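One structure is given here, and the rest of the page talks about it.
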Number of protein chains: 2
Amino acid sequence: MPYTAELIAVGTELLLGEIANTDAQVISRGLSGLGINVFYHTVVGDNPARLRQAVDIARSRADIIITTGGLGPTCDDLTKTVLAAAFGKELVYNEEAARRLEDYFARSGRPLTENNYQQAYLPQGCTPFQNNWGTALGCGFACDGVRVVMLPGPPSECAPMFRQCALPYLADLADGVIYSRSLRIFGRGESAVEALLRDRMNAMENPTLAPYAKEGEVELRLTARGDTEAAAQALIAPEEAALRAMLGDLVYGADEDSLEGVCLALLRERGLTLSAAESCTGGLVAQRITALPGASAVFKGGVVSYWSEVKAGVLGVPEDMLEEQGAVSAPVARAMARGVRALMGTDLAISVTGVAGPDRDERDNPVGLVYIGLAWDGGDYVREICNPGPRERIRRLAANHGFDLVRRKVLGLGLEL
Amino acid sequence: MPYTAELIAVGTELLLGEIANTDAQVISRGLSGLGINVFYHTVVGDNPARLRQAVDIARSRADIIITTGGLGPTCDDLTKTVLAAAFGKELVYNEEAARRLEDYFARSGRPLTENNYQQAYLPQGCTPFQNNWGTALGCGFACDGVRVVMLPGPPSECAPMFRQCALPYLADLADGVIYSRSLRIFGRGESAVEALLRDRMNAMENPTLAPYAKEGEVELRLTARGDTEAAAQALIAPEEAALRAMLGDLVYGADEDSLEGVCLALLRERGLTLSAAESCTGGLVAQRITALPGASAVFKGGVVSYWSEVKAGVLGVPEDMLEEQGAVSAPVARAMARGVRALMGTDLAISVTGVAGPDRDERDNPVGLVYIGLAWDGGDYVREICNPGPRERIRRLAANHGFDLVRRKVLGLGLEL
């Protein structure tokens with residue numbers, strides 16, 4: 001019988017609807033990969049009696065209890081106290097944890113206030129989980145046949161601590177595995193992909209196949225259950241090959257790949273450099289590629305030419321072209337890409353100019369009209385798209401198209417979609 | 001005594017971590033506005049026995065049970081069956097609901113398969129909630145002192161049905177209102193703010209006061225309960241004034257304000273323009289301010305000078321300075337800010353240069369060391385920070401400091417923290 005887990009999130013901000021319980025999503029996905037069944041999520045506020053009740057219910061029906069939140073330094077952070085009491089454990093001062101806290105604050109130059117030391121107390125006999133992403137320690141312990149894991153609430157601390165500390169701590173409870181593999185697709189919508197694959201999807205049982213629309217692209221997920229990861233992977237491999245054959249160069253990557261990550265890897269392999277000239281995306285192309293470690297190997301820099309005088313003065317777009325064609329036009333996109341490529345001295349250059357909204361531009365161009373340019377040694381290309389939507393989505397999609405052009409160029413694929 | 005509500009989300013996709021429970025967030029926020037306390041969220045899979053257990057626990061401790069999900073046409077949609085059984089109600093065929101389903105499918109041009117008619121069955125005596133955003137009907141009924149509301153799972157159907165049908169259905173249970181007001185603080189950590197305010201916090205009952213750490217800043221939330229929104233606001237106003245007096249210029253805004261939004265508004269009011277020169281933030285400053293509609297009134301453009309040769313060639317940072325001081329240094333931050341201000345012809349200019357990690361730079365500067373510069377007509381200033389952490393957080397915090405410098409300069413405040 002596979003083990004069962006129950007997640008308990010602690011935080012009044014969840015019950016007030018200020019944030020969604022995204023920690024539960026990350027943890028559930030990870031447990032599912034170990035073949036551990038998650039049967040319940042519970043959310044309670046910063047209230048000791050109600051947290052205790054949730055813990056008592058959970059321990060009566062689950063083998064594993066994972067809490068998130070309530071581990072911080074303030075007085076409404078009560079998870080450790082309640083869990084320790086529920087399982088009859090004392091909280092013990094952990095010297096090493098205290099020293100790490102002191103180090104953390106010393107490095108950050110902030111004063112270590114007394115209440116922070118609360119975070120150095122842990123249930124007796126537990127396995128401490130160091131927090132390399134913040135200050136609140138997590139931990140795991142076993143008691144009365146239940147495995148208890150406590151993780152901090154902020155998603156930027158919870159997710160890495162879960163992966164790096166909690167998953168290994170729970171690995172001995174794994175029962176077979178569920179293995180998922182996602183193909184990442186750019187250039188077609190979810191319903192078009194689904195229509196193409198519907199018969200295949202309905203006929204599949206292990207693995208299963210499902211499409212998900214995600215931020216201007218489509219994720220196609222294969223999920224298999226097997227005794228081992230290798231067995232589950234072996235079930236997926238032929239299906240993945242068949243899908244790749246059907247979808248061709250629409251598949252740009254798999255799993256955690258991103259369009260910018262694929263670009264970075266391709267450019268790096270070939271020793272090519274990139275720059276970007278951005279109007280409506282306002283720095284999003286540059287920001288996305290430089291968010292990746294190692295971006296400096298290929299990305300030299302960019303210009304955010306939000307005003308026309310910057311397009312002319314810094315990028316050298318001819319003023320009469322801006323006058324006659326307007327800033328949102330294919331010729332300007334082309335001139336921006338060529339201009340930034342010359343300025344930065346790069347092999348390739350992306351440009352973006354368009355109307356991100358919420359209003360039409362002064363020439364009455366519709367919201368969502370965007371020109372994405374690519375310049376290379378001896379040539380250039382401009383793609384026009386027009387998808388109305390919220391500002392954020394228009395910008396994200398435009399940046400996606402920029403990275404797609406780079407990917408297609410470097411791989412020698414056609415630039416048209 | 002205010003009424004209490006419990007939310008039960010039904011869906012295996014939540015327990016597998018495929019989606020986050022965003023319905024709970026929307027509903028919690030709405031109930032909180034009615035003065036209804038939400039004490040628990042529960043998530044269960046498409047399993048009748050476990051759903052029944054969750055319902056039995058919920059009815060023993062809540063006045064209102066709101067379910068989301070499991071109302072669709074497929075055989076794993078079991079919420080109505082289980083809830084009807086738990087409260088001893090029969091499911092009755094609803095003619096009007098069936099006709100609306102037929103209409104919906106006729107309009108969308110899709111065939112109405114037989115299983116869709118399952119959606120036309122509703123608990124006897126309930127108030128049906130028409131679904132204008134999809135096919136699954138919702139409903140509300142009262143039984144044994146408990147009010148039960150069932151809503152569809154897809155967020156695009158759940159949110160509007162909750163607002164347009166469920167909130168009016170529950171309005172007679174409203175107990176005054178809960179009103180929240182958040183002060184937004186930059187420049188001190190959560191624990192420092194809490195240490196400063198602990199006595200005050202502990203002494204407060206209505207409103208209550210709680211600090212939350214959020215993406216490199218702190219949110220300080222006042223929550224009051226009153227008979228009307230005006231009454232609750234009146235309780236909050238003097239506390240807000242007292243907190244503002246204590247915290248001074250650390251308070252940069254309230255509620256939905258962001259650092260970049262406050263900058264944009266201040267610059268716009270005064271008719272000032274801004275540019276940015278970014279190294280380690282790689283375009284994040286530009287991207288954040290241009291994400292806001294109306295940014296073009298103040299933001300002329302920016303340069304992402306990721307490579308030193310771009311700092312020298314485009315921004316005019318002296319090459320011997322880059323050589324001697326290194327790219328991550330106060331003089332270079334100053335020269336970048338002055339350089340981009342001259343290039344773009346703006347009133348103010350931000351610069352950022354630092355080590356975002358994951359590795360130390362070639363001069364062995366530590367991860368998290370960042371210099372943030374500000375240049376204006378006749379002067380400049382550089383702030384040094386050093387907070388280790390993940391790349392994303394270092395970049396976000398550095399951008400926050402850039403916006404903080406602009407805010408302080410425009411308001412005539414001291415630039416030191």
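Ordering of the structure tokens sets the chain letters (A, B, ...); residue numbers start at 1 within each chain; ligands are numbered from 1 in the order shown.
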Using only C-alpha atoms, determine which residues of chain A fall within 6 Å of chain B; present them as a tab-separated table (two decimals) with N, CA and C atoms, in the first residue's frame.
```
chain	number	residue	atom	x	y	z
A	15	LEU	N	-6.56	32.31	4.62
A	15	LEU	CA	-8.01	32.28	4.90
A	15	LEU	C	-8.67	33.61	4.56
A	16	LEU	N	-7.86	34.67	4.52
A	16	LEU	CA	-8.40	35.97	4.11
A	16	LEU	C	-8.35	36.13	2.59
A	17	GLY	N	-7.76	35.14	1.91
A	17	GLY	CA	-7.71	35.19	0.46
A	17	GLY	C	-6.66	36.13	-0.08
A	20	ALA	N	-2.87	32.56	-2.66
A	20	ALA	CA	-3.34	31.19	-2.92
A	20	ALA	C	-2.31	30.22	-2.36
A	22	THR	N	-0.07	28.06	-3.07
A	22	THR	CA	0.77	27.49	-4.12
A	22	THR	C	1.79	26.50	-3.56
A	25	GLN	N	0.58	23.07	-4.05
A	25	GLN	CA	0.74	22.57	-5.41
A	25	GLN	C	2.13	21.97	-5.63
A	28	SER	N	2.53	18.75	-3.52
A	28	SER	CA	1.71	17.65	-4.04
A	28	SER	C	2.35	17.03	-5.26
A	29	ARG	N	2.87	17.88	-6.13
A	29	ARG	CA	3.50	17.37	-7.34
A	29	ARG	C	4.71	16.51	-6.98
A	38	VAL	N	-1.59	11.89	-1.92
A	38	VAL	CA	-2.05	13.02	-1.11
A	38	VAL	C	-3.57	12.98	-1.13
A	40	TYR	N	-5.63	14.79	1.31
A	40	TYR	CA	-6.24	16.04	1.81
A	40	TYR	C	-5.22	17.16	1.85
A	41	HIS	N	-5.68	18.37	1.54
A	41	HIS	CA	-4.98	19.59	1.94
A	41	HIS	C	-5.88	20.28	2.94
A	42	THR	N	-5.30	20.85	3.97
A	42	THR	CA	-6.09	21.66	4.90
A	42	THR	C	-5.38	23.00	5.07
A	43	VAL	N	-6.16	24.06	5.20
A	43	VAL	CA	-5.59	25.37	5.51
A	43	VAL	C	-6.23	25.84	6.81
A	44	VAL	N	-5.41	26.26	7.76
A	44	VAL	CA	-5.92	26.85	9.00
A	44	VAL	C	-5.23	28.18	9.24
A	108	SER	N	24.04	39.99	5.74
A	108	SER	CA	23.10	40.92	5.11
A	108	SER	C	23.17	42.31	5.75
A	133	TRP	N	17.55	30.00	1.85
A	133	TRP	CA	16.78	30.95	1.06
A	133	TRP	C	16.06	31.96	1.94
A	282	GLY	N	9.58	46.72	-22.99
A	282	GLY	CA	10.19	47.55	-21.94
A	282	GLY	C	11.29	46.90	-21.13
A	283	GLY	N	12.03	45.95	-21.69
A	283	GLY	CA	13.11	45.32	-20.94
A	283	GLY	C	12.83	43.88	-20.57
A	284	LEU	N	11.64	43.39	-20.96
A	284	LEU	CA	11.27	42.03	-20.56
A	284	LEU	C	12.13	40.97	-21.23
A	286	ALA	N	15.30	41.28	-22.19
A	286	ALA	CA	16.59	41.31	-21.50
A	286	ALA	C	16.46	40.72	-20.10
A	287	GLN	N	15.40	41.11	-19.41
A	287	GLN	CA	15.20	40.65	-18.03
A	287	GLN	C	15.05	39.13	-17.98
A	290	THR	N	18.48	37.41	-18.77
A	290	THR	CA	19.47	37.63	-17.71
A	290	THR	C	19.01	37.08	-16.37
A	300	LYS	N	25.03	40.44	-24.41
A	300	LYS	CA	25.92	41.58	-24.15
A	300	LYS	C	25.17	42.76	-23.54
A	301	GLY	N	23.96	42.98	-24.00
A	301	GLY	CA	23.19	44.10	-23.46
A	301	GLY	C	22.01	44.44	-24.34
A	302	GLY	N	21.30	45.50	-23.96
A	302	GLY	CA	20.12	45.88	-24.72
A	302	GLY	C	19.78	47.34	-24.51
A	303	VAL	N	18.86	47.80	-25.34
A	303	VAL	CA	18.37	49.17	-25.19
A	303	VAL	C	16.85	49.11	-25.06
A	304	VAL	N	16.33	49.76	-24.03
A	304	VAL	CA	14.89	49.94	-23.92
A	304	VAL	C	14.59	51.31	-24.52
A	305	SER	N	14.06	51.29	-25.73
A	305	SER	CA	13.82	52.56	-26.45
A	305	SER	C	12.33	52.86	-26.37
A	306	TYR	N	11.93	53.34	-25.20
A	306	TYR	CA	10.49	53.52	-24.98
A	306	TYR	C	9.98	54.74	-25.74
A	307	TRP	N	10.79	55.78	-25.78
A	307	TRP	CA	10.40	56.99	-26.52
A	307	TRP	C	11.00	56.95	-27.93
```
From a DSSP calculation on the backbone, collect every residue of range 13-198 of chain A in strand (DSSP E) and output the set as a PyMOL selection string. chain A and resi 37-44+64-68+91-93+121-123+127-129+138-143+146-151+177-185
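CA of Ala166 in chain B is found 20.5 Å from CA of Val92 in chain B.
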Using only C-alpha atoms, which of B:Pro160, B:Val82, B:Leu71, B:Gly339 sits nearest Gln119 in chain B?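 Closest candidate: B:Leu71.
As for CA of Ala330 in chain A and CA of Asp377 in chain A, they are spaced 18.8 Å apart.
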When you look at range 126-128 of chain A with a cut-off of 8 Å (counting only C-alpha atoms), what residues show up, excluding the ones that are within fewer than 3 positions of it in the same chain? I need them as a ChimeraX atom specification. /A:122-123,137-142
Quick one: DSSP helix (DSSP H, G or I) residues in range 62-269 of chain A, as a PyMOL selection string? chain A and resi 79-86+95-108+114-120+155-173+190-203+229-250+259-269
Let me make sure I understand: among A:Val332, A:Leu112, A:Val177, A:Val251, which one has the smallest atom-to-atom distance to Ala231 in chain A if we use only C-alpha atoms?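 Ranked by minimum distance to Ala231 in chain A, first place goes to A:Val177.
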Between CA of Leu101 in chain A and CA of Leu397 in chain B, what distance in Å does the model show, to one decimal? 20.0 Å
Using only C-alpha atoms, which residue out of A:Ser258, A:Thr79, A:Asn365, A:Gln233 lies closest to Ile185 in chain A? A:Ser258
